[in-house]
Amino acid sequence: MAAAQTRIAAQEKEIIWRLSKAMACRDGETALHLERVAVIARMIAEELGIDSATCEKIYLASPLHDVGKIGVSDAILLKAGPLDAGEMDQMRAHATLGAEILEGSESAIIRIASTIAGSHHEKWDGTGYPKRLSGDAIPLEGRIVAIADVFDALCSERPYKKAWPVDEAHREILKCSGAHFDPACVAAFDRKWHLIRPLYAKTNTLETAA
């Protein structure tokens, strides 16, 4: 029985990872983006003192944060210029759709993924989306992944922007503490900076860091 459960758990992890990579390819992101977000999210969670089992679930669930982009058109996802108001509304709808796609699962990992998908664009000061939650009303998993996702997005080249230097992106995260991001999560991110920064000197997979 234990062997069967281990096999099922391994298969669940593989399916999540492969689905995440498929979604990343669609909107121009890379598997490395997903890996880095997952690794950084786990580091933040560990630094916050979250138990190891939950940290592992956050690590496994976080690559599905943008699964709702499956409902956004390529014209919007891959647009090189800024989005107009209508396009921005369609883009922001991916948070709600992602939560809906993943909700109701018997899997604890998928339930956390649903929470992350629906809350990682909320902001500490209540100006985020889709529900304009603020402070502790934002699920902790979403607050953690928000930092990991924004930081890596800043450091990555996209159709509409150049990649930021890593140290500049780090300063931006710190600057947004208490506005965009949970101050406690930012402080945890900063305490792990000596481990996060070296990730961006690598060009290969981060499996060894996981």
# chains A, B, ... in the order shown; residues from 1 in each chain; ligands from 1
>>> residues_around(residues="stretch 149-160 of chain A", least_positions_apart="6", cutoff="8 Å", atoms="only C-alpha atoms", output="list in words")
Gly28, Glu29, His33, Arg36, Val37, Leu78, Lys79, Ala80, Gly81, Pro82, Val166, Ala169, His170 and Ile173 of chain A
>>> write_last_selection(atoms="all heavy atoms", output="short mmCIF file (atom, residue, chain, number, x, y, z; two decimals), in the first residue's frame")
data_model
loop_
_atom_site.label_atom_id
_atom_site.label_comp_id
_atom_site.auth_asym_id
_atom_site.auth_seq_id
_atom_site.Cartn_x
_atom_site.Cartn_y
_atom_site.Cartn_z
N GLY A 28 4.81 32.34 -23.44
CA GLY A 28 6.16 32.83 -23.65
C GLY A 28 7.08 32.71 -22.45
O GLY A 28 8.22 33.17 -22.49
N GLU A 29 6.60 32.10 -21.37
CA GLU A 29 7.47 31.89 -20.23
C GLU A 29 8.26 30.60 -20.45
O GLU A 29 8.09 29.90 -21.42
CB GLU A 29 6.64 31.82 -18.93
CG GLU A 29 6.00 33.15 -18.56
CD GLU A 29 5.18 33.06 -17.29
OE1 GLU A 29 4.93 31.93 -16.83
OE2 GLU A 29 4.77 34.12 -16.80
N HIS A 33 11.46 29.67 -15.43
CA HIS A 33 10.65 30.62 -14.65
C HIS A 33 9.85 29.86 -13.60
O HIS A 33 9.82 30.25 -12.43
CB HIS A 33 9.72 31.40 -15.56
CG HIS A 33 8.66 32.17 -14.83
ND1 HIS A 33 8.93 33.28 -14.07
CD2 HIS A 33 7.31 31.98 -14.73
CE1 HIS A 33 7.82 33.75 -13.53
NE2 HIS A 33 6.82 32.98 -13.92
N ARG A 36 12.14 28.52 -10.81
CA ARG A 36 12.63 29.56 -9.90
C ARG A 36 11.52 30.05 -8.98
O ARG A 36 11.75 30.27 -7.78
CB ARG A 36 13.23 30.72 -10.70
CG ARG A 36 14.58 30.39 -11.33
CD ARG A 36 15.24 31.63 -11.90
NE ARG A 36 14.48 32.24 -12.97
CZ ARG A 36 14.80 32.18 -14.26
NH1 ARG A 36 15.88 31.50 -14.66
NH2 ARG A 36 14.06 32.79 -15.16
N VAL A 37 10.32 30.26 -9.53
CA VAL A 37 9.20 30.68 -8.69
C VAL A 37 8.96 29.64 -7.60
O VAL A 37 8.76 29.99 -6.42
CB VAL A 37 7.93 30.91 -9.53
CG1 VAL A 37 6.70 31.08 -8.63
CG2 VAL A 37 8.09 32.14 -10.42
N LEU A 78 0.65 37.57 -25.92
CA LEU A 78 1.92 37.79 -26.62
C LEU A 78 2.05 39.21 -27.17
O LEU A 78 2.96 39.49 -27.95
CB LEU A 78 2.05 36.77 -27.76
CG LEU A 78 1.95 35.30 -27.34
CD1 LEU A 78 2.05 34.39 -28.55
CD2 LEU A 78 3.01 34.95 -26.31
N LYS A 79 1.17 40.10 -26.77
CA LYS A 79 1.22 41.48 -27.28
C LYS A 79 2.51 42.15 -26.82
O LYS A 79 2.87 42.12 -25.64
CB LYS A 79 0.01 42.26 -26.78
CG LYS A 79 -0.09 43.67 -27.37
CD LYS A 79 -1.38 44.37 -26.95
CE LYS A 79 -1.46 45.77 -27.53
NZ LYS A 79 -2.73 46.45 -27.14
N ALA A 80 3.21 42.79 -27.77
CA ALA A 80 4.49 43.42 -27.46
C ALA A 80 4.33 44.75 -26.74
O ALA A 80 5.20 45.15 -25.97
CB ALA A 80 5.30 43.61 -28.74
N GLY A 81 3.23 45.43 -26.97
CA GLY A 81 3.02 46.74 -26.36
C GLY A 81 2.12 46.65 -25.15
O GLY A 81 1.68 45.57 -24.74
N PRO A 82 1.81 47.80 -24.54
CA PRO A 82 0.93 47.82 -23.37
C PRO A 82 -0.49 47.40 -23.73
O PRO A 82 -0.95 47.62 -24.86
CB PRO A 82 0.99 49.27 -22.91
CG PRO A 82 1.41 50.05 -24.11
CD PRO A 82 2.30 49.15 -24.90
N VAL A 166 19.33 41.75 -11.60
CA VAL A 166 18.84 41.03 -10.42
C VAL A 166 18.83 41.91 -9.17
O VAL A 166 17.85 41.92 -8.41
CB VAL A 166 19.70 39.76 -10.19
CG1 VAL A 166 19.32 39.10 -8.87
CG2 VAL A 166 19.51 38.77 -11.33
N ALA A 169 15.95 44.34 -9.26
CA ALA A 169 14.69 43.67 -8.97
C ALA A 169 14.55 43.41 -7.47
O ALA A 169 13.47 43.55 -6.90
CB ALA A 169 14.59 42.36 -9.76
N HIS A 170 15.64 43.04 -6.83
CA HIS A 170 15.64 42.84 -5.39
C HIS A 170 15.24 44.12 -4.66
O HIS A 170 14.39 44.11 -3.76
CB HIS A 170 17.04 42.37 -4.96
CG HIS A 170 17.22 42.25 -3.48
ND1 HIS A 170 18.31 42.76 -2.82
CD2 HIS A 170 16.43 41.69 -2.51
CE1 HIS A 170 18.21 42.51 -1.52
NE2 HIS A 170 17.09 41.85 -1.31
N ILE A 173 11.46 44.78 -4.91
CA ILE A 173 10.66 43.98 -3.98
C ILE A 173 10.68 44.61 -2.60
O ILE A 173 9.64 44.76 -1.94
CB ILE A 173 11.16 42.53 -3.92
CG1 ILE A 173 11.01 41.83 -5.28
CG2 ILE A 173 10.42 41.75 -2.83
CD1 ILE A 173 9.59 41.68 -5.78
#
>>> closest_residue(among="A:Ser114, A:Asp89, A:Asp167, A:Val39", to="A:Glu141", atoms="only C-alpha atoms")
A:Ser114
>>> closest_residue(among="A:Ala108, A:Leu83, A:Leu77, A:Ala31", to="A:Lys57", atoms="only C-alpha atoms")
A:Ala108
>>> residues_around(residues="A:Ala148", least_positions_apart="4", cutoff="12 Å", atoms="only C-alpha atoms", output="short mmCIF file (atom, residue, chain, number, x, y, z; two decimals) with N, CA and C atoms, in the first residue's frame")
data_model
loop_
_atom_site.label_atom_id
_atom_site.label_comp_id
_atom_site.auth_asym_id
_atom_site.auth_seq_id
_atom_site.Cartn_x
_atom_site.Cartn_y
_atom_site.Cartn_z
N HIS A 33 11.46 29.67 -15.43
CA HIS A 33 10.65 30.62 -14.65
C HIS A 33 9.85 29.86 -13.60
N LEU A 34 9.20 28.79 -14.01
CA LEU A 34 8.39 28.01 -13.07
C LEU A 34 9.24 27.43 -11.96
N GLU A 35 10.41 26.90 -12.31
CA GLU A 35 11.29 26.32 -11.31
C GLU A 35 11.75 27.37 -10.30
N ARG A 36 12.14 28.52 -10.81
CA ARG A 36 12.63 29.56 -9.90
C ARG A 36 11.52 30.05 -8.98
N VAL A 37 10.32 30.26 -9.53
CA VAL A 37 9.20 30.68 -8.69
C VAL A 37 8.96 29.64 -7.60
N ALA A 38 8.97 28.38 -7.95
CA ALA A 38 8.72 27.32 -6.98
C ALA A 38 9.80 27.28 -5.91
N VAL A 39 11.06 27.38 -6.32
CA VAL A 39 12.17 27.32 -5.37
C VAL A 39 12.14 28.52 -4.43
N ILE A 40 11.91 29.72 -4.97
CA ILE A 40 11.89 30.93 -4.15
C ILE A 40 10.69 30.91 -3.20
N ALA A 41 9.54 30.46 -3.70
CA ALA A 41 8.36 30.38 -2.84
C ALA A 41 8.61 29.44 -1.67
N ARG A 42 9.25 28.32 -1.93
CA ARG A 42 9.55 27.40 -0.83
C ARG A 42 10.53 28.02 0.17
N MET A 43 11.53 28.72 -0.33
CA MET A 43 12.49 29.38 0.56
C MET A 43 11.79 30.37 1.48
N ILE A 44 10.89 31.17 0.91
CA ILE A 44 10.15 32.15 1.72
C ILE A 44 9.31 31.43 2.76
N ALA A 45 8.60 30.39 2.33
CA ALA A 45 7.74 29.64 3.25
C ALA A 45 8.55 29.04 4.39
N ILE A 58 3.44 23.94 -1.23
CA ILE A 58 3.53 25.24 -1.89
C ILE A 58 4.50 25.17 -3.06
N TYR A 59 5.63 24.50 -2.85
CA TYR A 59 6.62 24.32 -3.91
C TYR A 59 6.01 23.61 -5.12
N SER A 62 2.89 25.92 -6.73
CA SER A 62 3.13 27.26 -7.28
C SER A 62 3.30 27.32 -8.80
N PRO A 63 3.85 26.29 -9.47
CA PRO A 63 3.96 26.40 -10.92
C PRO A 63 2.63 26.51 -11.65
N HIS A 65 0.34 28.67 -10.91
CA HIS A 65 -0.26 29.96 -10.53
C HIS A 65 -0.94 30.67 -11.70
N ILE A 116 -3.56 29.73 -4.67
CA ILE A 116 -2.49 30.56 -5.22
C ILE A 116 -2.93 31.22 -6.51
N HIS A 120 -2.63 35.33 -6.08
CA HIS A 120 -1.24 35.80 -6.19
C HIS A 120 -1.13 37.18 -6.84
N HIS A 121 -2.25 37.72 -7.35
CA HIS A 121 -2.23 39.10 -7.86
C HIS A 121 -2.92 40.08 -6.91
N GLU A 141 -0.39 31.62 1.12
CA GLU A 141 0.25 31.01 -0.04
C GLU A 141 0.32 31.99 -1.21
N GLY A 142 -0.75 32.77 -1.40
CA GLY A 142 -0.77 33.76 -2.46
C GLY A 142 0.21 34.88 -2.20
N ARG A 143 0.33 35.30 -0.95
CA ARG A 143 1.27 36.37 -0.60
C ARG A 143 2.71 35.93 -0.85
N ILE A 144 3.00 34.68 -0.58
CA ILE A 144 4.35 34.15 -0.80
C ILE A 144 4.66 34.09 -2.29
N ASP A 152 10.76 37.10 -10.22
CA ASP A 152 11.30 36.41 -11.38
C ASP A 152 10.82 37.05 -12.69
N ALA A 153 9.60 37.57 -12.70
CA ALA A 153 9.11 38.26 -13.90
C ALA A 153 9.96 39.50 -14.19
N LEU A 154 10.33 40.24 -13.14
CA LEU A 154 11.19 41.40 -13.34
C LEU A 154 12.53 41.01 -13.94
N CYS A 155 13.05 39.87 -13.51
CA CYS A 155 14.36 39.41 -13.97
C CYS A 155 14.33 38.72 -15.32
N ALA A 169 15.95 44.34 -9.26
CA ALA A 169 14.69 43.67 -8.97
C ALA A 169 14.55 43.41 -7.47
N HIS A 170 15.64 43.04 -6.83
CA HIS A 170 15.64 42.84 -5.39
C HIS A 170 15.24 44.12 -4.66
N ILE A 173 11.46 44.78 -4.91
CA ILE A 173 10.66 43.98 -3.98
C ILE A 173 10.68 44.61 -2.60
N PHE A 181 3.34 44.04 -1.31
CA PHE A 181 3.67 42.77 -0.67
C PHE A 181 3.55 42.80 0.85
N CYS A 185 6.60 38.62 4.52
CA CYS A 185 7.08 37.78 3.41
C CYS A 185 8.28 38.44 2.73
N VAL A 186 8.25 39.76 2.60
CA VAL A 186 9.39 40.48 2.01
C VAL A 186 10.62 40.30 2.89
N ALA A 188 11.27 37.83 4.85
CA ALA A 188 11.73 36.45 4.69
C ALA A 188 12.49 36.29 3.37
N PHE A 189 11.97 36.90 2.31
CA PHE A 189 12.65 36.90 1.01
C PHE A 189 14.03 37.52 1.15
N ASP A 190 14.13 38.64 1.84
CA ASP A 190 15.41 39.33 1.98
C ASP A 190 16.40 38.50 2.78
N LYS A 192 16.63 35.39 2.76
CA LYS A 192 17.07 34.29 1.90
C LYS A 192 17.83 34.80 0.66
N TRP A 193 18.06 36.10 0.59
CA TRP A 193 18.66 36.68 -0.62
C TRP A 193 20.00 36.04 -0.97
N ILE A 196 18.98 33.13 -2.93
CA ILE A 196 18.18 33.40 -4.12
C ILE A 196 19.04 33.97 -5.23
#
>>> closest_residue(among="A:Tyr200, A:Glu12, A:Gly135, A:Gly104", to="A:Ala163", atoms="only C-alpha atoms")
A:Tyr200
>>> select_by_dssp(residues="stretch 14-172 of chain A", states="helix (DSSP H, G or I)", output="ChimeraX atom specification")
/A:14-26,31-47,52-64,67-71,74-77,85-102,108-119,135-137,140-155,166-172
>>> atom_distance(atom1="atom CA of A:Ala187", atom2="atom CA of A:Thr127")
20.9 Å
>>> closest_residue(among="A:Ala2, A:Met23, A:Ile138, A:Ile112", to="A:Glu56", atoms="only C-alpha atoms")
A:Ile112
>>> residues_around(residues="A:Ser119", least_positions_apart="3", cutoff="10 Å", atoms="only C-alpha atoms", output="JSON list (two decimals) with all heavy atoms, in the first residue's frame")
[["chain", "number", "residue", "atom", "x", "y", "z"],
["A", 65, "HIS", "N", 0.34, 28.67, -10.91],
["A", 65, "HIS", "CA", -0.26, 29.96, -10.53],
["A", 65, "HIS", "C", -0.94, 30.67, -11.70],
["A", 65, "HIS", "O", -1.89, 31.39, -11.50],
["A", 65, "HIS", "CB", 0.80, 30.88, -9.90],
["A", 65, "HIS", "CG", 1.94, 31.24, -10.79],
["A", 65, "HIS", "ND1", 3.03, 30.42, -10.97],
["A", 65, "HIS", "CD2", 2.17, 32.34, -11.53],
["A", 65, "HIS", "CE1", 3.88, 31.00, -11.79],
["A", 65, "HIS", "NE2", 3.39, 32.17, -12.15],
["A", 95, "ALA", "N", -6.84, 35.10, -13.15],
["A", 95, "ALA", "CA", -6.73, 34.70, -11.75],
["A", 95, "ALA", "C", -7.98, 33.96, -11.29],
["A", 95, "ALA", "O", -7.89, 32.89, -10.67],
["A", 95, "ALA", "CB", -6.47, 35.93, -10.88],
["A", 96, "THR", "N", -9.13, 34.52, -11.60],
["A", 96, "THR", "CA", -10.39, 33.88, -11.23],
["A", 96, "THR", "C", -10.56, 32.56, -11.95],
["A", 96, "THR", "O", -10.96, 31.54, -11.35],
["A", 96, "THR", "CB", -11.57, 34.80, -11.54],
["A", 96, "THR", "OG1", -11.43, 36.01, -10.78],
["A", 96, "THR", "CG2", -12.89, 34.14, -11.19],
["A", 98, "GLY", "N", -8.25, 30.59, -13.19],
["A", 98, "GLY", "CA", -7.32, 29.59, -12.67],
["A", 98, "GLY", "C", -7.82, 28.96, -11.39],
["A", 98, "GLY", "O", -7.74, 27.73, -11.20],
["A", 99, "ALA", "N", -8.35, 29.79, -10.49],
["A", 99, "ALA", "CA", -8.89, 29.26, -9.24],
["A", 99, "ALA", "C", -10.06, 28.32, -9.51],
["A", 99, "ALA", "O", -10.19, 27.26, -8.87],
["A", 99, "ALA", "CB", -9.32, 30.40, -8.33],
["A", 113, "ALA", "N", -2.93, 25.02, -4.99],
["A", 113, "ALA", "CA", -2.72, 25.65, -6.30],
["A", 113, "ALA", "C", -3.89, 26.54, -6.67],
["A", 113, "ALA", "O", -3.71, 27.62, -7.24],
["A", 113, "ALA", "CB", -2.50, 24.57, -7.36],
["A", 114, "SER", "N", -5.10, 26.11, -6.35],
["A", 114, "SER", "CA", -6.29, 26.92, -6.62],
["A", 114, "SER", "C", -6.24, 28.22, -5.83],
["A", 114, "SER", "O", -6.54, 29.31, -6.35],
["A", 114, "SER", "CB", -7.56, 26.13, -6.27],
["A", 114, "SER", "OG", -8.72, 26.92, -6.46],
["A", 115, "THR", "N", -5.87, 28.11, -4.56],
["A", 115, "THR", "CA", -5.74, 29.30, -3.71],
["A", 115, "THR", "C", -4.70, 30.26, -4.27],
["A", 115, "THR", "O", -4.93, 31.47, -4.34],
["A", 115, "THR", "CB", -5.36, 28.88, -2.28],
["A", 115, "THR", "OG1", -6.42, 28.10, -1.72],
["A", 115, "THR", "CG2", -5.12, 30.09, -1.41],
["A", 116, "ILE", "N", -3.56, 29.73, -4.67],
["A", 116, "ILE", "CA", -2.49, 30.56, -5.22],
["A", 116, "ILE", "C", -2.93, 31.22, -6.51],
["A", 116, "ILE", "O", -2.71, 32.42, -6.72],
["A", 116, "ILE", "CB", -1.22, 29.72, -5.44],
["A", 116, "ILE", "CG1", -0.62, 29.30, -4.10],
["A", 116, "ILE", "CG2", -0.20, 30.48, -6.28],
["A", 116, "ILE", "CD1", 0.49, 28.27, -4.22],
["A", 122, "GLU", "N", -3.33, 39.62, -5.75],
["A", 122, "GLU", "CA", -3.82, 40.54, -4.73],
["A", 122, "GLU", "C", -2.64, 41.31, -4.16],
["A", 122, "GLU", "O", -1.49, 40.84, -4.21],
["A", 122, "GLU", "CB", -4.54, 39.78, -3.61],
["A", 122, "GLU", "CG", -5.74, 38.95, -4.06],
["A", 122, "GLU", "CD", -6.96, 39.79, -4.45],
["A", 122, "GLU", "OE1", -6.88, 41.04, -4.33],
["A", 122, "GLU", "OE2", -7.97, 39.19, -4.84],
["A", 123, "LYS", "N", -2.90, 42.50, -3.61],
["A", 123, "LYS", "CA", -1.84, 43.32, -3.03],
["A", 123, "LYS", "C", -2.14, 43.62, -1.57],
["A", 123, "LYS", "O", -3.30, 43.76, -1.18],
["A", 123, "LYS", "CB", -1.67, 44.63, -3.81],
["A", 123, "LYS", "CG", -1.20, 44.42, -5.25],
["A", 123, "LYS", "CD", -0.97, 45.75, -5.95],
["A", 123, "LYS", "CE", -0.49, 45.55, -7.37],
["A", 123, "LYS", "NZ", -0.24, 46.84, -8.06],
["A", 128, "GLY", "N", -4.98, 45.17, -5.46],
["A", 128, "GLY", "CA", -4.76, 44.11, -6.43],
["A", 128, "GLY", "C", -6.05, 43.55, -6.99],
["A", 128, "GLY", "O", -7.12, 44.17, -6.90],
["A", 129, "TYR", "N", -5.98, 42.36, -7.56],
["A", 129, "TYR", "CA", -7.15, 41.72, -8.17],
["A", 129, "TYR", "C", -7.05, 40.21, -7.97],
["A", 129, "TYR", "O", -5.98, 39.70, -7.65],
["A", 129, "TYR", "CB", -7.26, 42.08, -9.66],
["A", 129, "TYR", "CG", -6.15, 41.56, -10.55],
["A", 129, "TYR", "CD1", -6.21, 40.31, -11.16],
["A", 129, "TYR", "CD2", -5.01, 42.33, -10.80],
["A", 129, "TYR", "CE1", -5.21, 39.83, -11.99],
["A", 129, "TYR", "CE2", -4.00, 41.87, -11.63],
["A", 129, "TYR", "CZ", -4.10, 40.62, -12.21],
["A", 129, "TYR", "OH", -3.09, 40.16, -13.03],
["A", 130, "PRO", "N", -8.16, 39.47, -8.06],
["A", 130, "PRO", "CA", -9.48, 39.88, -8.58],
["A", 130, "PRO", "C", -10.46, 40.39, -7.51],
["A", 130, "PRO", "O", -11.47, 40.98, -7.84],
["A", 130, "PRO", "CB", -10.02, 38.58, -9.18],
["A", 130, "PRO", "CG", -9.43, 37.51, -8.31],
["A", 130, "PRO", "CD", -8.05, 38.00, -7.94],
["A", 131, "LYS", "N", -10.16, 40.20, -6.22],
["A", 131, "LYS", "CA", -11.14, 40.52, -5.17],
["A", 131, "LYS", "C", -10.76, 41.75, -4.35],
["A", 131, "LYS", "O", -11.50, 42.10, -3.43],
["A", 131, "LYS", "CB", -11.31, 39.31, -4.24],
["A", 131, "LYS", "CG", -11.89, 38.09, -4.94],
["A", 131, "LYS", "CD", -12.06, 36.93, -3.96],
["A", 131, "LYS", "CE", -12.66, 35.71, -4.64],
["A", 131, "LYS", "NZ", -12.81, 34.57, -3.70],
["A", 132, "ARG", "N", -9.64, 42.37, -4.65],
["A", 132, "ARG", "CA", -9.16, 43.54, -3.90],
["A", 132, "ARG", "C", -9.05, 43.23, -2.40],
["A", 132, "ARG", "O", -9.41, 44.04, -1.55],
["A", 132, "ARG", "CB", -10.05, 44.77, -4.15],
["A", 132, "ARG", "CG", -10.04, 45.21, -5.61],
["A", 132, "ARG", "CD", -10.90, 46.44, -5.83],
["A", 132, "ARG", "NE", -10.31, 47.62, -5.21],
["A", 132, "ARG", "CZ", -9.39, 48.41, -5.78],
["A", 132, "ARG", "NH1", -8.94, 48.13, -7.01],
["A", 132, "ARG", "NH2", -8.92, 49.47, -5.15],
["A", 133, "LEU", "N", -8.55, 42.04, -2.11],
["A", 133, "LEU", "CA", -8.29, 41.67, -0.73],
["A", 133, "LEU", "C", -7.10, 42.46, -0.22],
["A", 133, "LEU", "O", -6.26, 42.93, -1.00],
["A", 133, "LEU", "CB", -7.99, 40.17, -0.63],
["A", 133, "LEU", "CG", -9.09, 39.21, -1.11],
["A", 133, "LEU", "CD1", -8.58, 37.77, -1.02],
["A", 133, "LEU", "CD2", -10.37, 39.38, -0.31],
["A", 137, "ALA", "N", -6.19, 39.09, 4.89],
["A", 137, "ALA", "CA", -7.30, 38.47, 4.17],
["A", 137, "ALA", "C", -6.81, 37.75, 2.92],
["A", 137, "ALA", "O", -7.51, 36.88, 2.38],
["A", 137, "ALA", "CB", -8.33, 39.53, 3.79],
["A", 138, "ILE", "N", -5.63, 38.11, 2.45],
["A", 138, "ILE", "CA", -5.03, 37.42, 1.31],
["A", 138, "ILE", "C", -4.44, 36.11, 1.83],
["A", 138, "ILE", "O", -3.66, 36.13, 2.79],
["A", 138, "ILE", "CB", -3.93, 38.26, 0.66],
["A", 138, "ILE", "CG1", -4.46, 39.64, 0.26],
["A", 138, "ILE", "CG2", -3.35, 37.54, -0.56],
["A", 138, "ILE", "CD1", -3.36, 40.62, -0.13],
["A", 139, "PRO", "N", -4.75, 34.97, 1.23],
["A", 139, "PRO", "CA", -4.16, 33.72, 1.69],
["A", 139, "PRO", "C", -2.63, 33.80, 1.70],
["A", 139, "PRO", "O", -2.02, 34.37, 0.80],
["A", 139, "PRO", "CB", -4.67, 32.69, 0.67],
["A", 139, "PRO", "CG", -5.94, 33.27, 0.16],
["A", 139, "PRO", "CD", -5.71, 34.76, 0.12],
["A", 140, "LEU", "N", -2.02, 33.23, 2.73],
["A", 140, "LEU", "CA", -0.58, 33.31, 2.87],
["A", 140, "LEU", "C", 0.14, 32.71, 1.66],
["A", 140, "LEU", "O", 1.17, 33.25, 1.21],
["A", 140, "LEU", "CB", -0.15, 32.59, 4.16],
["A", 140, "LEU", "CG", 1.36, 32.58, 4.46],
["A", 140, "LEU", "CD1", 1.91, 33.99, 4.51],
["A", 140, "LEU", "CD2", 1.61, 31.83, 5.77],
["A", 141, "GLU", "N", -0.39, 31.62, 1.12],
["A", 141, "GLU", "CA", 0.25, 31.01, -0.04],
["A", 141, "GLU", "C", 0.32, 31.99, -1.21],
["A", 141, "GLU", "O", 1.32, 32.05, -1.93],
["A", 141, "GLU", "CB", -0.50, 29.75, -0.48],
["A", 141, "GLU", "CG", -0.59, 28.67, 0.58],
["A", 141, "GLU", "CD", -1.85, 28.76, 1.42],
["A", 141, "GLU", "OE1", -2.44, 29.87, 1.52],
["A", 141, "GLU", "OE2", -2.27, 27.72, 1.96],
["A", 142, "GLY", "N", -0.75, 32.77, -1.40],
["A", 142, "GLY", "CA", -0.77, 33.76, -2.46],
["A", 142, "GLY", "C", 0.21, 34.88, -2.20],
["A", 142, "GLY", "O", 0.86, 35.39, -3.13],
["A", 143, "ARG", "N", 0.33, 35.30, -0.95],
["A", 143, "ARG", "CA", 1.27, 36.37, -0.60],
["A", 143, "ARG", "C", 2.71, 35.93, -0.85],
["A", 143, "ARG", "O", 3.55, 36.73, -1.29],
["A", 143, "ARG", "CB", 1.11, 36.75, 0.88],
["A", 143, "ARG", "CG", -0.14, 37.54, 1.18],
["A", 143, "ARG", "CD", -0.21, 37.87, 2.66],
["A", 143, "ARG", "NE", -1.08, 36.96, 3.39],
["A", 143, "ARG", "CZ", -0.96, 36.66, 4.67],
["A", 143, "ARG", "NH1", 0.05, 37.16, 5.38],
["A", 143, "ARG", "NH2", -1.81, 35.85, 5.26],
["A", 145, "VAL", "N", 3.76, 33.50, -3.06],
["A", 145, "VAL", "CA", 4.01, 33.31, -4.49],
["A", 145, "VAL", "C", 4.01, 34.65, -5.23],
["A", 145, "VAL", "O", 4.71, 34.81, -6.23],
["A", 145, "VAL", "CB", 3.00, 32.31, -5.10],
["A", 145, "VAL", "CG1", 3.14, 32.24, -6.62],
["A", 145, "VAL", "CG2", 3.21, 30.93, -4.49],
["A", 146, "ALA", "N", 3.27, 35.63, -4.73],
["A", 146, "ALA", "CA", 3.27, 36.95, -5.35],
["A", 146, "ALA", "C", 4.69, 37.50, -5.44],
["A", 146, "ALA", "O", 5.11, 38.03, -6.48],
["A", 146, "ALA", "CB", 2.39, 37.91, -4.56]]
>>> closest_residue(among="A:Asp66, A:Asp84, A:Asp182, A:Asp74", to="A:Glu100", atoms="only C-alpha atoms")
A:Asp66
>>> atom_distance(atom1="atom CA of A:Ser107", atom2="atom CA of A:Ala24")
22.1 Å
>>> closest_residue(among="A:Arg7, A:Ala201, A:His94, A:Ala61", to="A:Ile76", atoms="only C-alpha atoms")
A:His94
>>> select_by_dssp(residues="stretch 36-189 of chain A", states="strand (DSSP E or B)", output="list in words")
Arg158, Lys161, Ser177 and Phe181 of chain A
>>> write_last_selection(atoms="N, CA and C atoms", output="mmCIF file, in the first residue's frame")
data_model
loop_
_atom_site.group_PDB
_atom_site.id
_atom_site.type_symbol
_atom_site.label_atom_id
_atom_site.label_comp_id
_atom_site.auth_asym_id
_atom_site.auth_seq_id
_atom_site.Cartn_x
_atom_site.Cartn_y
_atom_site.Cartn_z
ATOM 1 N N ARG A 158 10.503 39.678 -21.443
ATOM 2 C CA ARG A 158 9.167 39.378 -21.947
ATOM 3 C C ARG A 158 8.950 40.147 -23.245
ATOM 4 N N LYS A 161 9.003 43.872 -22.442
ATOM 5 C CA LYS A 161 10.014 44.514 -21.599
ATOM 6 C C LYS A 161 11.331 43.747 -21.622
ATOM 7 N N SER A 177 7.391 46.598 -0.109
ATOM 8 C CA SER A 177 6.938 46.024 1.150
ATOM 9 C C SER A 177 5.902 46.931 1.797
ATOM 10 N N PHE A 181 3.343 44.040 -1.308
ATOM 11 C CA PHE A 181 3.668 42.768 -0.674
ATOM 12 C C PHE A 181 3.551 42.802 0.852
#
